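**Q** I am attaching a structure below and will ask some questions about it afterwards.
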Amino acid sequence: MKNNKRNIKTKNNLNQFIIAVTIIILSILIGYITKENELSEDVSNYNTKTNIINDTNINDIPEYSGEIVITINNDIPYFEEKDISNEDFEYYSNLDELGRAGVAFANICKYTMPPKDTKRGSLSYKPTGWEQYLYGENKSKHLYERCHLIAWQLGNENNNKRNLLTGTSQMNSAMIEYENIVANWIKLKNKENKDYHVLYRVTPIYKGENKLATGIEIEAKSVEEEGVSFNKFIYNIQDNFEIDYGTGKAKLIE
Amino acid sequence: MELDINKVIDKITQNDFIDNFIKELSITLEKYTNKNVSKVEGENMNEIELTTEEELEFDRKEFDFLQNYFKRELSDLDKGETYIVTDKFENDNEYHRYKVTQYKDNLECKYIAFEKDLPQNVQLRDIVRKIDGKYIYDGLATEYVKDSINKIKQDIINKR
């Protein structure tokens, strides 16, 4: 009888112990799951936030009509008061879910530019839509180039995936013209011993899920003194070529 | 003469000291073996090239990891503002520049840092903390970030 009572007591104790352990394990599990959910929620919210997107939309861009460069917003860049600063910075957007480069924004000055007489290294990364087309005599000409959003001569950023997109050689040449305006201004001011800045933003604009950008918008504004200010859109086109922007594949039309 | 080895082993293992010793030895050996295996994996891993799709996955996961890491670090500035050293200007005999980077708001944010303000013998991928304009090396954080990024790559390779 006494033994039986002791057995029942032991059994009760064991049950209580099992219940307690189960509660502890459940609490830990619930806490962990809640924390994981909070974290993944944070991440998804975080991923959608990008402070540097400008207001230009694909619908604002007229169809290409023969001019590779067009002026946007009366040539006035969309920078806001809060963007004006003399801090040196370069911001590159994370690649989107399709692996495409997004907005790049920088405050260019002599310190962001590469040292004198430095040669740029070769590029290996293939941005989305990289379907190279060789043509001409001995296939010596190429359709596409890896275009830096923030030019190497301005930001010393070379093989950064977030700073590269597939562009026609014609688009790249047009971009260089505007990059030179900025570089020349900085160099000119540097000669006057002035460490001046130019706000510079390049926004690739894609239609839907196209791998190839329709074109890019370039905005620039000198910070300390008036001198540089523009807002241009450059079409990603190449004369005599029909380009499938969805894939990047192209064909020569004589 | 009959040795009856099994009996001897039984008797030895019944001894608490021997039993504890064997357990500790097993744990230590296991740890040592694991360390060596992951070291070998790590060495091989750097030689393994990722396919385009794998690289895209790696970039995305690495960016997410870094963004979460910086979100945590930048919410508490008691130990200084955290950066990762990402670039060195080659042939920069005039200014001796590096770039230090933070990952936030879905952006890779790069800033210029001068060699004189960085720790001696600074390496790319080091984690540094900016305090009063100077950058201090954080060894533990550097190791944690490097290991975590290596693990991301290892996981992708293991999925093959």
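By convention here, the chains of the structure tokens are called A, B, ... in the order presented, each chain's residues are numbered starting at 1, and ligands are numbered starting at 1 in the order presented.
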Could you produce a table of the residues of chain B lying within 10 Å of chain A, with the nearest pair of atoms per residue and their separation in Å rounded to one decimal, using only C-alpha atoms, ordered by chain and increasing residue number, as a tab-separated table?

**A**
residue	atom	partner	partner_atom	distance
B:Thr52	CA	A:Lys126	CA	9.0
B:Glu53	CA	A:Gly99	CA	9.7
B:Leu56	CA	A:Gly99	CA	6.8
B:Glu57	CA	A:Gly99	CA	9.4
B:Asp59	CA	A:Leu95	CA	8.6
B:Arg60	CA	A:Leu95	CA	7.7
B:Phe63	CA	A:Asn94	CA	7.5
B:Asp64	CA	A:Val43	CA	7.6
B:Phe65	CA	A:Val43	CA	9.6
B:Gln67	CA	A:Val43	CA	8.4
B:Asn68	CA	A:Val43	CA	7.2
B:Lys71	CA	A:Tyr46	CA	9.3
B:Asp87	CA	A:Glu157	CA	8.8
B:Lys88	CA	A:Asn156	CA	9.8
B:Phe89	CA	A:Pro114	CA	7.1
B:Glu90	CA	A:Thr118	CA	7.7
B:Asn91	CA	A:Pro115	CA	6.8
B:Asp92	CA	A:Pro115	CA	5.5
B:Asn93	CA	A:Pro115	CA	8.0
B:Glu94	CA	A:Pro115	CA	7.7
B:Tyr95	CA	A:Tyr111	CA	8.0
B:His96	CA	A:Pro115	CA	9.5
B:Arg97	CA	A:Tyr111	CA	8.0
B:Tyr98	CA	A:Thr112	CA	9.9
B:Lys99	CA	A:Thr112	CA	9.1
B:Thr101	CA	A:Glu90	CA	9.4
B:Gln102	CA	A:Tyr91	CA	9.6
B:Tyr103	CA	A:Asn94	CA	9.3
B:Lys104	CA	A:Tyr46	CA	8.1
B:Asp105	CA	A:Thr50	CA	5.3
B:Asn106	CA	A:Asn47	CA	5.3
B:Leu107	CA	A:Ser93	CA	4.6
B:Glu108	CA	A:Tyr92	CA	5.1
B:Cys109	CA	A:Tyr91	CA	4.5
B:Lys110	CA	A:Glu90	CA	5.1
B:Tyr111	CA	A:Phe89	CA	4.9
B:Ile112	CA	A:Asp88	CA	6.6
B:Ala113	CA	A:Tyr111	CA	9.5
B:Phe114	CA	A:Tyr111	CA	9.8

**Q** Please produce a file of the residues just selected, as an mmCIF file, in the first residue's frame, where the atoms kept are N, CA and C atoms.

**A**
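result-v2.cif, written as the output of this step:
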data_model
loop_
_atom_site.group_PDB
_atom_site.id
_atom_site.type_symbol
_atom_site.label_atom_id
_atom_site.label_comp_id
_atom_site.auth_asym_id
_atom_site.auth_seq_id
_atom_site.Cartn_x
_atom_site.Cartn_y
_atom_site.Cartn_z
ATOM 1 N N THR B 52 26.853 31.491 -62.802
ATOM 2 C CA THR B 52 26.225 32.815 -62.822
ATOM 3 C C THR B 52 25.036 32.865 -61.863
ATOM 4 N N GLU B 53 24.208 31.802 -61.896
ATOM 5 C CA GLU B 53 23.019 31.771 -61.032
ATOM 6 C C GLU B 53 23.441 31.712 -59.563
ATOM 7 N N LEU B 56 24.664 35.024 -58.365
ATOM 8 C CA LEU B 56 23.548 35.943 -58.117
ATOM 9 C C LEU B 56 22.930 35.651 -56.746
ATOM 10 N N GLU B 57 22.775 34.349 -56.471
ATOM 11 C CA GLU B 57 22.215 33.936 -55.175
ATOM 12 C C GLU B 57 23.155 34.347 -54.040
ATOM 13 N N ASP B 59 25.398 36.789 -54.066
ATOM 14 C CA ASP B 59 25.367 38.252 -53.903
ATOM 15 C C ASP B 59 24.166 38.688 -53.088
ATOM 16 N N ARG B 60 23.014 38.092 -53.410
ATOM 17 C CA ARG B 60 21.781 38.490 -52.752
ATOM 18 C C ARG B 60 21.850 38.139 -51.253
ATOM 19 N N PHE B 63 24.440 40.290 -49.445
ATOM 20 C CA PHE B 63 23.928 41.648 -49.240
ATOM 21 C C PHE B 63 22.924 41.656 -48.086
ATOM 22 N N ASP B 64 22.025 40.674 -48.076
ATOM 23 C CA ASP B 64 21.024 40.594 -47.000
ATOM 24 C C ASP B 64 21.700 40.425 -45.644
ATOM 25 N N PHE B 65 22.707 39.547 -45.614
ATOM 26 C CA PHE B 65 23.427 39.330 -44.358
ATOM 27 C C PHE B 65 24.082 40.631 -43.886
ATOM 28 N N GLN B 67 23.405 43.663 -44.715
ATOM 29 C CA GLN B 67 22.423 44.681 -44.364
ATOM 30 C C GLN B 67 21.860 44.445 -42.951
ATOM 31 N N ASN B 68 21.573 43.187 -42.634
ATOM 32 C CA ASN B 68 21.085 42.871 -41.281
ATOM 33 C C ASN B 68 22.152 43.136 -40.239
ATOM 34 N N LYS B 71 22.451 46.796 -39.749
ATOM 35 C CA LYS B 71 21.253 47.330 -39.086
ATOM 36 C C LYS B 71 21.413 47.166 -37.565
ATOM 37 N N ASP B 87 37.669 48.799 -50.367
ATOM 38 C CA ASP B 87 38.477 49.160 -51.540
ATOM 39 C C ASP B 87 39.758 49.871 -51.116
ATOM 40 N N LYS B 88 40.770 49.650 -51.928
ATOM 41 C CA LYS B 88 42.012 50.397 -51.734
ATOM 42 C C LYS B 88 42.351 51.065 -53.066
ATOM 43 N N PHE B 89 42.682 52.341 -53.051
ATOM 44 C CA PHE B 89 43.064 53.029 -54.289
ATOM 45 C C PHE B 89 44.486 52.602 -54.653
ATOM 46 N N GLU B 90 44.626 52.008 -55.822
ATOM 47 C CA GLU B 90 45.954 51.569 -56.258
ATOM 48 C C GLU B 90 46.769 52.773 -56.743
ATOM 49 N N ASN B 91 48.057 52.715 -56.554
ATOM 50 C CA ASN B 91 49.002 53.768 -56.987
ATOM 51 C C ASN B 91 48.631 55.149 -56.449
ATOM 52 N N ASP B 92 48.062 55.178 -55.287
ATOM 53 C CA ASP B 92 47.620 56.461 -54.740
ATOM 54 C C ASP B 92 48.711 57.039 -53.840
ATOM 55 N N ASN B 93 49.746 57.583 -54.494
ATOM 56 C CA ASN B 93 50.883 58.074 -53.705
ATOM 57 C C ASN B 93 50.604 59.428 -53.068
ATOM 58 N N GLU B 94 49.517 60.071 -53.519
ATOM 59 C CA GLU B 94 49.231 61.415 -53.019
ATOM 60 C C GLU B 94 48.372 61.391 -51.743
ATOM 61 N N TYR B 95 47.243 60.664 -51.808
ATOM 62 C CA TYR B 95 46.306 60.728 -50.677
ATOM 63 C C TYR B 95 46.232 59.431 -49.845
ATOM 64 N N HIS B 96 46.685 58.335 -50.392
ATOM 65 C CA HIS B 96 46.645 57.029 -49.696
ATOM 66 C C HIS B 96 45.233 56.714 -49.191
ATOM 67 N N ARG B 97 44.352 56.506 -50.164
ATOM 68 C CA ARG B 97 42.928 56.354 -49.823
ATOM 69 C C ARG B 97 42.429 54.899 -49.838
ATOM 70 N N TYR B 98 41.423 54.696 -49.033
ATOM 71 C CA TYR B 98 40.635 53.459 -49.026
ATOM 72 C C TYR B 98 39.164 53.866 -49.146
ATOM 73 N N LYS B 99 38.302 52.874 -49.338
ATOM 74 C CA LYS B 99 36.876 53.136 -49.188
ATOM 75 C C LYS B 99 36.355 52.239 -48.077
ATOM 76 N N THR B 101 32.722 50.958 -46.152
ATOM 77 C CA THR B 101 31.352 50.788 -46.651
ATOM 78 C C THR B 101 30.383 50.364 -45.555
ATOM 79 N N GLN B 102 29.170 50.854 -45.684
ATOM 80 C CA GLN B 102 28.053 50.366 -44.850
ATOM 81 C C GLN B 102 26.953 49.881 -45.789
ATOM 82 N N TYR B 103 26.162 48.935 -45.315
ATOM 83 C CA TYR B 103 25.046 48.415 -46.111
ATOM 84 C C TYR B 103 23.754 48.769 -45.383
ATOM 85 N N LYS B 104 22.999 49.671 -45.964
ATOM 86 C CA LYS B 104 21.761 50.104 -45.298
ATOM 87 C C LYS B 104 20.768 50.620 -46.328
ATOM 88 N N ASP B 105 19.490 50.580 -45.965
ATOM 89 C CA ASP B 105 18.416 51.066 -46.845
ATOM 90 C C ASP B 105 18.510 50.470 -48.251
ATOM 91 N N ASN B 106 18.929 49.218 -48.342
ATOM 92 C CA ASN B 106 19.072 48.526 -49.628
ATOM 93 C C ASN B 106 20.153 49.150 -50.512
ATOM 94 N N LEU B 107 21.109 49.799 -49.869
ATOM 95 C CA LEU B 107 22.185 50.469 -50.596
ATOM 96 C C LEU B 107 23.548 50.027 -50.082
ATOM 97 N N GLU B 108 24.505 50.059 -50.978
ATOM 98 C CA GLU B 108 25.904 49.908 -50.590
ATOM 99 C C GLU B 108 26.446 51.336 -50.515
ATOM 100 N N CYS B 109 26.789 51.784 -49.302
ATOM 101 C CA CYS B 109 27.167 53.192 -49.103
ATOM 102 C C CYS B 109 28.665 53.278 -48.854
ATOM 103 N N LYS B 110 29.375 53.893 -49.779
ATOM 104 C CA LYS B 110 30.835 53.931 -49.681
ATOM 105 C C LYS B 110 31.331 55.331 -49.341
ATOM 106 N N TYR B 111 32.357 55.372 -48.495
ATOM 107 C CA TYR B 111 32.929 56.652 -48.080
ATOM 108 C C TYR B 111 34.449 56.559 -48.183
ATOM 109 N N ILE B 112 35.069 57.718 -48.382
ATOM 110 C CA ILE B 112 36.531 57.744 -48.471
ATOM 111 C C ILE B 112 37.127 57.724 -47.062
ATOM 112 N N ALA B 113 38.169 56.927 -46.882
ATOM 113 C CA ALA B 113 38.913 56.926 -45.608
ATOM 114 C C ALA B 113 40.397 56.988 -45.944
ATOM 115 N N PHE B 114 41.126 57.755 -45.188
ATOM 116 C CA PHE B 114 42.555 57.908 -45.465
ATOM 117 C C PHE B 114 43.370 56.934 -44.608
#

**Q** Can you measure CA of Ile72 (chain A) to CA of Asn160 (chain A) for me? One decimal in Å is fine.

**A**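 Interatomic distance, CA of Ile72 (chain A) to CA of Asn160 (chain A): 27.6 Å.
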
**Q** Using DSSP assignments from the backbone, pull out every residue in region 82-243 of chain A that falls under helix (DSSP H, G or I) and give it to me as a PyMOL selection string.

**A** chain A and resi 82-83+137-139+152-155+161-163+169-191

**Q** Find, counting only C-alpha atoms, the residue in A:Met175, A:Ile216, A:Ile253, A:Cys109 that gets nearest to Leu199 (chain A).

**A**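 Of the candidates, the smallest distance to Leu199 (chain A) is held by A:Cys109.
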
**Q** List as a VMD selection string the protein and nucleic acid residues near Val122 (chain B), meaning an atom at most 9 Å away when only C-alpha atoms are counted, but skip any in the same chain fewer than 3 places from it.

**A** chain B and resid 85 115 118 to 119 126 137

**Q** Next, write the just-selected residues to a file, as a short mmCIF file (atom, residue, chain, number, x, y, z; two decimals), in the first residue's frame, keeping N, CA and C atoms as the atom set.

**A**
data_model
loop_
_atom_site.label_atom_id
_atom_site.label_comp_id
_atom_site.auth_asym_id
_atom_site.auth_seq_id
_atom_site.Cartn_x
_atom_site.Cartn_y
_atom_site.Cartn_z
N VAL B 85 35.98 47.60 -44.62
CA VAL B 85 36.95 48.17 -45.58
C VAL B 85 36.79 47.39 -46.89
N GLU B 115 44.46 56.48 -45.20
CA GLU B 115 45.30 55.47 -44.52
C GLU B 115 45.70 55.91 -43.12
N LEU B 118 43.19 54.98 -40.57
CA LEU B 118 42.84 53.56 -40.46
C LEU B 118 43.89 52.82 -39.62
N PRO B 119 43.53 51.64 -39.09
CA PRO B 119 44.53 50.90 -38.30
C PRO B 119 45.73 50.49 -39.17
N ASP B 126 38.23 43.97 -43.55
CA ASP B 126 38.31 44.18 -42.10
C ASP B 126 37.11 45.00 -41.64
N TYR B 137 40.30 48.78 -35.42
CA TYR B 137 40.08 47.42 -35.93
C TYR B 137 39.29 46.60 -34.91
#

**Q** Counting only C-alpha atoms, figure out which residue out of A:Ile84, A:Ile70, A:Ile181, A:Ile150 gets nearest to Val202 (chain A).

**A**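 Closest candidate: A:Ile150.
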
**Q** Check the DSSP output for the backbone and give back, as an NGL selection string, the residues of region 47-234 of chain A in strand (DSSP E).

**A** :A and (69-71 or 89-93 or 104-108 or 134-135 or 141-142 or 144-148 or 164-168 or 198-205 or 215-222 or 229-234)

**Q** Quick one: of A:Ile237, A:Ile19, A:Ile108, A:Val182, who's nearest to Gly155 (chain A), counting only C-alpha atoms?

**A** A:Ile108

**Q** CA of Ile176 (chain A) and CA of Tyr64 (chain A) are how many Å apart?

**A** 19.8 Å

**Q** In terms of the shortest atom-to-atom distance over only C-alpha atoms, which of A:Phe241, A:Asn163, A:Pro204, A:Ile186 is closest to Tyr144 (chain A)?

**A**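 Residue with the minimum atom-to-atom distance to Tyr144 (chain A): A:Phe241.
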
**Q** Residues within 12 Å of Lys189 (chain A), please, as a list in words. Count only C-alpha atoms; anything in the same chain fewer than 6 positions from it doesn't count.

**A**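 In the requested format, the answer is Cys109, Lys110, Val182, Ala183, Asp195, Tyr196, His197, Val198, Ser222, Val223, Glu224, Glu225, Glu226, Gly227 and Val228 of chain A.
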
**Q** Would you compute the distance between CA of Asn184 (chain A) and CA of Thr71 (chain A)? Give it in Å to one decimal.

**A**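 Computed distance, CA of Asn184 (chain A) to CA of Thr71 (chain A), equals 20.9 Å.
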
**Q** Within 12 Å of Arg129 (chain B), counting only C-alpha atoms, which residues show up once you throw out same-chain ones fewer than 5 positions away? Write them as a ChimeraX atom specification, please.

**A** /B:70,73-74,76-85,100-102,117-119,134-142
